[in-house]
Each structure stands twice: as C-alpha cells, then as structure tokens.
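Undergrad: Sharing a structure below in structure tokens format, with a few things to ask.
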Amino acid sequence: MTVDRDPLSHGLWAASAPPAPKTVPLIGDTRADIAIVGAGYTGLSAALHLAEAGASVVVLEAASIGYGGSGRNVGLVNAGLWLPPDEVVRRMGADHGERLIGALGEGPSLVFERIGRHGIACEPVRTGTLHCAVGRGGERDLERRHAQWAARGAPVRLLRGEEACAAIGSDAYGAALLDARAGTIQPLAYARGLAAAAIAAGAVIHEASPVTACAKRGPHMRLATASGTVTAEHVICATNAYTGGLWSEVRTELAGLPYFNLATAPLSEDALGSILPRKQGAWDTRQILSSFRLDAAGRLVVGSVGALRGAAKAAHRNWARRTLARILPQLGAIDFEYEWYGTIGMTTDALPRFHRMGRVLGISGYNGRGIAPGTVFGRALARYLLHGEAPPLPETPFARMPLRRVREQVYEHGAGIAHALGERF
Ligand SMILES: Cc1cc2nc3c(=O)[nH]c(=O)nc-3n(C[C@H](O)[C@H](O)[C@H](O)COP(=O)(O)OP(=O)(O)OC[C@H]3O[C@@H](n4cnc5c(N)ncnc54)[C@H](O)[C@@H]3O)c2cc1C
C-alpha cells in the first residue's frame, strides 16, 4: 500500500521519497511481546528499539507508513521543544524539566545517528537551523532563547545584521538564532527508512490495518482490526494527532493546528547561491509562523499555518507568493509544483503528554516539534518496557481540552483571514 491518493496529503514528500517497504494488512490472529498502534516516528522508533533488543513487535497502521504528521511535516529536525528551556523548567519543575530538555537537546543527534547507522536515504543535512527574528520583539525572543540554551552549553549562535542576511539570503530579518545541533530531512523518507530498519531488526508492520478495539484478555491485551487480532503483553499507542475513533481521549486533549507547505520547482543556480546557501532550514518568530527550506533538488518549500481547503486555499497561495517576492526578491517569478497540509497536535501548555492506561502506554502532543521528540519518545517507551526506565515526562491523567473545537476553528480561519489580509513574514 502506498500513501493515500489525496495530492494534498503528502505532496512533494510522496513524490520524492524512496518506496516504502512492502507490507500486507493484518489477516488472522497473531501474538507479540509488544503491539504498537501507529506507524509514525513514535511508533516506528519504539518498534526499532524493541526489535533490536530482541522483543517481538507488531505495528498496526490504519493507512500507510508515515501517513500522519510524520509524512507531512516541514522536515526541520530541531532540538528541544517550542517553549524556551527556562519556560519548560518553570512549567514542569526543575527535575522533569531539565531531564526533558537534556533528552530533547540530544534529539537531533539520535535522529542523525539512526539515519547514518541504518543508511536511511532521507536527504539528511546537518548544518543547523535558523530561527529568524521579525522586528525588535522577535530579536528579544531570540536573545532570551540564545542565553538560555548557551547557559546549558548548547552550540547556539545569534547571527546579526550582515551575517544573518548572508545565512538566510534575505535582509527581512534583524537576527537569526543558529542552532548547530539541528538540520533537515525528507520527512516521509525518514519514516519509511525507520520502518525498513525496524523490519530488518525483526518487527512486523501491517499497513491498512486500523485498530478498532483494544481489550484486556487475561494478563494480556488484545487489539482487533477488521480482519485480525494481535495479542500482546503491552501496547504502545502512537496515534498522536491522527488518533481515530479508538482512544479518543488522546485526540480530545489536543487541538488540531493545520499547517500547509508549498514547493517551487528547483531553483536556478544563481538563486541557490544566495538563498539558504548552507541548506539550513528556517522559520520565524511570528505567532502565525512561517517556515522555508530547500530540498535536495533545490526546491524551496514554504509553509505556514492554515488548511488548503475552501476559500482559504487561494489566500494561502497568494500570501506565499507575495511573501516570497518580498523577502526573497532574487527568486523572480515562481510557481508552486506541490502543495499539501496536515494537522499538528497542540496541548494547553505546549508540553507533550505521557499516559498509561493499564498495559497501554503512549506519548503524544508534540506541538509541531515531533521529528526528534517522536524518535526520542519512541525509544523512551521502548526503554520503559524493556528496563522499567521512566520516560523524561511525568505521567499525567487525560484532560479534555476546553473549547477544543473553537480553538481549531480559530486556528484555521484566523490563519486564512490573516493571510488574506496580508499577514507577512
Ligand atoms: C504540516 C506539519 C509540519 C510539521 N513540521 C515539523 C517540523 O518541521 N519539525 C518537527 O520536528 N515536527 C514537525 N511537525 C510535527 C511532527 O510531524 C509530528 O509531531 C510527528 O510526526 C508525530 O509523530 P507520531 O509518530 O507521534 O504521530 P503521526 O506521525 O501522526 O502518526 C500517527 C499514526 O497513527 C495512525 N493511526 C491513528 N489511529 C490509528 C488506529 N486506530 N489504528 C492504526 N493506526 C492508527 C495514523 O494513520 C498515523 O500514521 C509538523 C507537523 C505537521 C502536520
């Protein structure tokens, strides 16, 4: 099974990723030490670590490998969370906060180590990422982030003036925070590569196998799909923002934030000489943030908040054209060859959640930063099951997000209106 046929689901990434490993839907009854639901970074990273440790693992995926956020994102492999590190500590307390910051600070290293070790062909570039300051408020934000990460020994540098301008290829930003830990990947290709590595280590993956029920069976758990069952000692729920009917409590504590991407044709050699010359992925400090990066073919991928549907679709495209013309005038006339969008799972306090429901465990709610965290948290869930090692997050009860649907409407329509009215980078 390939990714679904909706051209707005995975866009460029479906067109340029190597094929996924071949799998078949679950048919009949099977057993495993651990059953994992969801084949995104979290589920696949857990599967890989468990299988490498000798556990028998079955992964059940409703659609296809990387179908959710893992196959649709921008591909910025960043360290830490969206929240600045001191804010994480303020919200979680020093113990959990510093442990989480430490684990996620190392997150990009784990991603790139996995890519190297398993030879994953996913366009990895580890030259850092650039957080670009909009206005004086943006510069102050980056100064604070820089000071907080530098105090923890992270290799971050605040670029200003000419240096920022040369790194980005634009004079639209006063400063940029360069984080040398970070980089970019082709996100769907990374998910497919993790899946291939997990299968090579002994895991079994079934696509087109939505789990419809999960029940206790004596000392075990039994998962059911339309055509089979898996009986396992433990279950990892890795469905995150793409959770369907099962475990609706995971989805109802998240507000879905839509985010779209548009990709140009490969840029000219001239343009590539000045725009992000070190292939560093970039995003800005605006509340309705925007991102831009290059892929291996030299296409520029520009993204922002919004869903490519209804009347807003044209507004988002026009906004992207106007914005690129303003910040990167050297591009000249451009057309977009690919477009796609997906859903980011936001929590009330911008912190991820660790839940345990008996023998079912899960981590979710990555607030738009899930490549490194999903890889780290997948490993953390595996280590918890293998060695009883506590994940770098406190276990919390489910809490339905207040006014969830209202928030989702505000995110989607607010971004559409802002882009139609000319919200700029
Ligand atoms: C547009 C966009 C841009 C982003 N940009 C970035 C970025 O640049 N950098 C970054 O770090 N993060 C980014 N993120 C966030 C990141 O992509 C996610 O946090 C991450 O992919 C989550 O991985 P996951 O494995 O937890 O969940 P997902 O990848 O969403 O996987 C969940 C899987 O569960 C499956 N599933 C659901 N229900 C069932 C069921 N009942 N049975 C079987 N399977 C089921 C789904 O089909 C899906 O494949 C972005 C997200 C989006 C949407």
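Going through the structure tokens in order, the chains are called A, B, and so on, while each chain numbers its residues from 1 and the ligands are numbered from 1 in the order shown.
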Among the residues of region 176-382 of chain A, find those DSSP assigns to alpha helix (DSSP H) from the backbone and print them as a ChimeraX atom specification.

TA: /A:187-200,248-252,269-274,312-327,371-382

Undergrad: Got a sec to check which residues lie within 7 Å of ligand 1, using only C-alpha atoms and all ligand atoms, and send them as number ranges by chain?

TA: A: 37-43, 60-78, 209-212, 238-246, 258-261, 341-344, 364, 366-372, 374

Undergrad: Pick from A:Trp247, A:Lys313, A:Glu233, A:Asp284: nearest to His355 (chain A), with only C-alpha atoms counted?

TA: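 The shortest atom-to-atom distance to His355 (chain A) comes from A:Trp247.
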
Undergrad: For a quick check of understanding, using only C-alpha atoms, which of A:Pro84, A:Gly183, A:Gly422, A:Gly107 has the smallest distance to Ala380 (chain A)?

TA: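 Of A:Pro84, A:Gly183, A:Gly422, A:Gly107, the one nearest Ala380 (chain A) is A:Gly107, counting only C-alpha atoms.
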
Undergrad: Write out as a tab-separated table (two decimals) with N, CA, C and O atoms, in the first residue's frame which residues come within 12 Å of Asp349 (chain A) when counting only C-alpha atoms, dropping same-chain ones fewer than 4 positions away.

TA:
```tsv
chain	number	residue	atom	x	y	z
A	81	LEU	N	11.96	21.80	22.71
A	81	LEU	CA	10.55	22.00	22.37
A	81	LEU	C	10.39	23.40	21.79
A	81	LEU	O	11.33	24.17	21.71
A	82	TRP	N	9.14	23.75	21.43
A	82	TRP	CA	8.88	25.13	21.01
A	82	TRP	C	9.15	26.10	22.15
A	82	TRP	O	9.64	27.20	21.97
A	83	LEU	N	8.79	25.66	23.35
A	83	LEU	CA	8.97	26.54	24.52
A	83	LEU	C	10.46	26.72	24.78
A	83	LEU	O	11.23	25.76	24.71
A	87	GLU	N	11.32	28.11	30.28
A	87	GLU	CA	9.87	28.03	30.40
A	87	GLU	C	9.44	26.57	30.63
A	87	GLU	O	8.50	26.30	31.39
A	88	VAL	N	10.16	25.64	30.01
A	88	VAL	CA	9.87	24.22	30.24
A	88	VAL	C	10.09	23.90	31.72
A	88	VAL	O	9.27	23.25	32.37
A	90	ARG	N	10.05	26.03	34.22
A	90	ARG	CA	9.03	26.73	35.03
A	90	ARG	C	7.73	25.93	35.05
A	90	ARG	O	7.09	25.79	36.09
A	91	ARG	N	7.36	25.35	33.90
A	91	ARG	CA	6.08	24.64	33.84
A	91	ARG	C	6.16	23.23	34.43
A	91	ARG	O	5.16	22.72	34.93
A	92	MET	N	7.33	22.57	34.32
A	92	MET	CA	7.41	21.17	34.74
A	92	MET	C	8.14	20.97	36.05
A	92	MET	O	8.12	19.87	36.60
A	253	GLU	N	-7.54	15.71	23.99
A	253	GLU	CA	-6.73	16.64	24.78
A	253	GLU	C	-5.81	17.48	23.88
A	253	GLU	O	-5.02	18.28	24.36
A	254	LEU	N	-5.97	17.30	22.57
A	254	LEU	CA	-5.18	18.08	21.61
A	254	LEU	C	-6.08	18.95	20.76
A	254	LEU	O	-7.15	18.52	20.33
A	255	ALA	N	-5.63	20.18	20.48
A	255	ALA	CA	-6.32	20.99	19.48
A	255	ALA	C	-5.51	20.86	18.19
A	255	ALA	O	-4.28	20.98	18.20
A	345	GLY	N	-0.72	18.55	16.59
A	345	GLY	CA	-1.45	18.39	17.85
A	345	GLY	C	-0.91	19.32	18.92
A	345	GLY	O	0.22	19.17	19.36
A	353	ARG	N	2.59	14.85	26.43
A	353	ARG	CA	1.93	14.07	27.48
A	353	ARG	C	2.36	12.61	27.46
A	353	ARG	O	2.45	12.02	26.40
A	365	GLY	N	1.20	14.77	21.68
A	365	GLY	CA	1.09	16.21	21.92
A	365	GLY	C	2.42	16.92	21.75
A	365	GLY	O	2.96	17.51	22.69
A	366	TYR	N	2.97	16.90	20.51
A	366	TYR	CA	4.32	17.43	20.31
A	366	TYR	C	4.33	18.90	19.88
A	366	TYR	O	5.40	19.47	19.65
A	367	ASN	N	3.17	19.50	19.70
A	367	ASN	CA	3.08	20.94	19.42
A	367	ASN	C	3.95	21.38	18.24
A	367	ASN	O	4.59	22.44	18.28
A	399	ALA	N	-6.80	14.89	30.12
A	399	ALA	CA	-7.62	16.07	30.43
A	399	ALA	C	-8.14	16.63	29.12
A	399	ALA	O	-7.35	17.09	28.29
A	401	MET	N	-9.33	18.94	26.34
A	401	MET	CA	-9.01	20.36	26.16
A	401	MET	C	-10.28	21.19	26.13
A	401	MET	O	-11.21	20.89	25.38
```

Undergrad: By how many Å are CA of Met221 (chain A) and CA of Ile36 (chain A) apart?

TA: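 Taking CA of Met221 (chain A) and CA of Ile36 (chain A), their separation equals 11.5 Å.
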
Undergrad: Per DSSP on the backbone, filter region 121-363 of chain A down to the residues in strand (DSSP E or B) and report them as a ChimeraX atom specification.

TA: /A:125,129-132,156-160,175-179,183-184,204-206,213-217,220-225,228-237,255-266,281-284,290-294,299-305,336-346,353-357,360-363

Undergrad: Looking at only C-alpha atoms, which of A:Ser274, A:Gln148, A:Thr285, A:Thr252 is the one that sits closest to Ser304 (chain A)?

TA: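 Under the stated criterion, the closest residue is A:Thr285.
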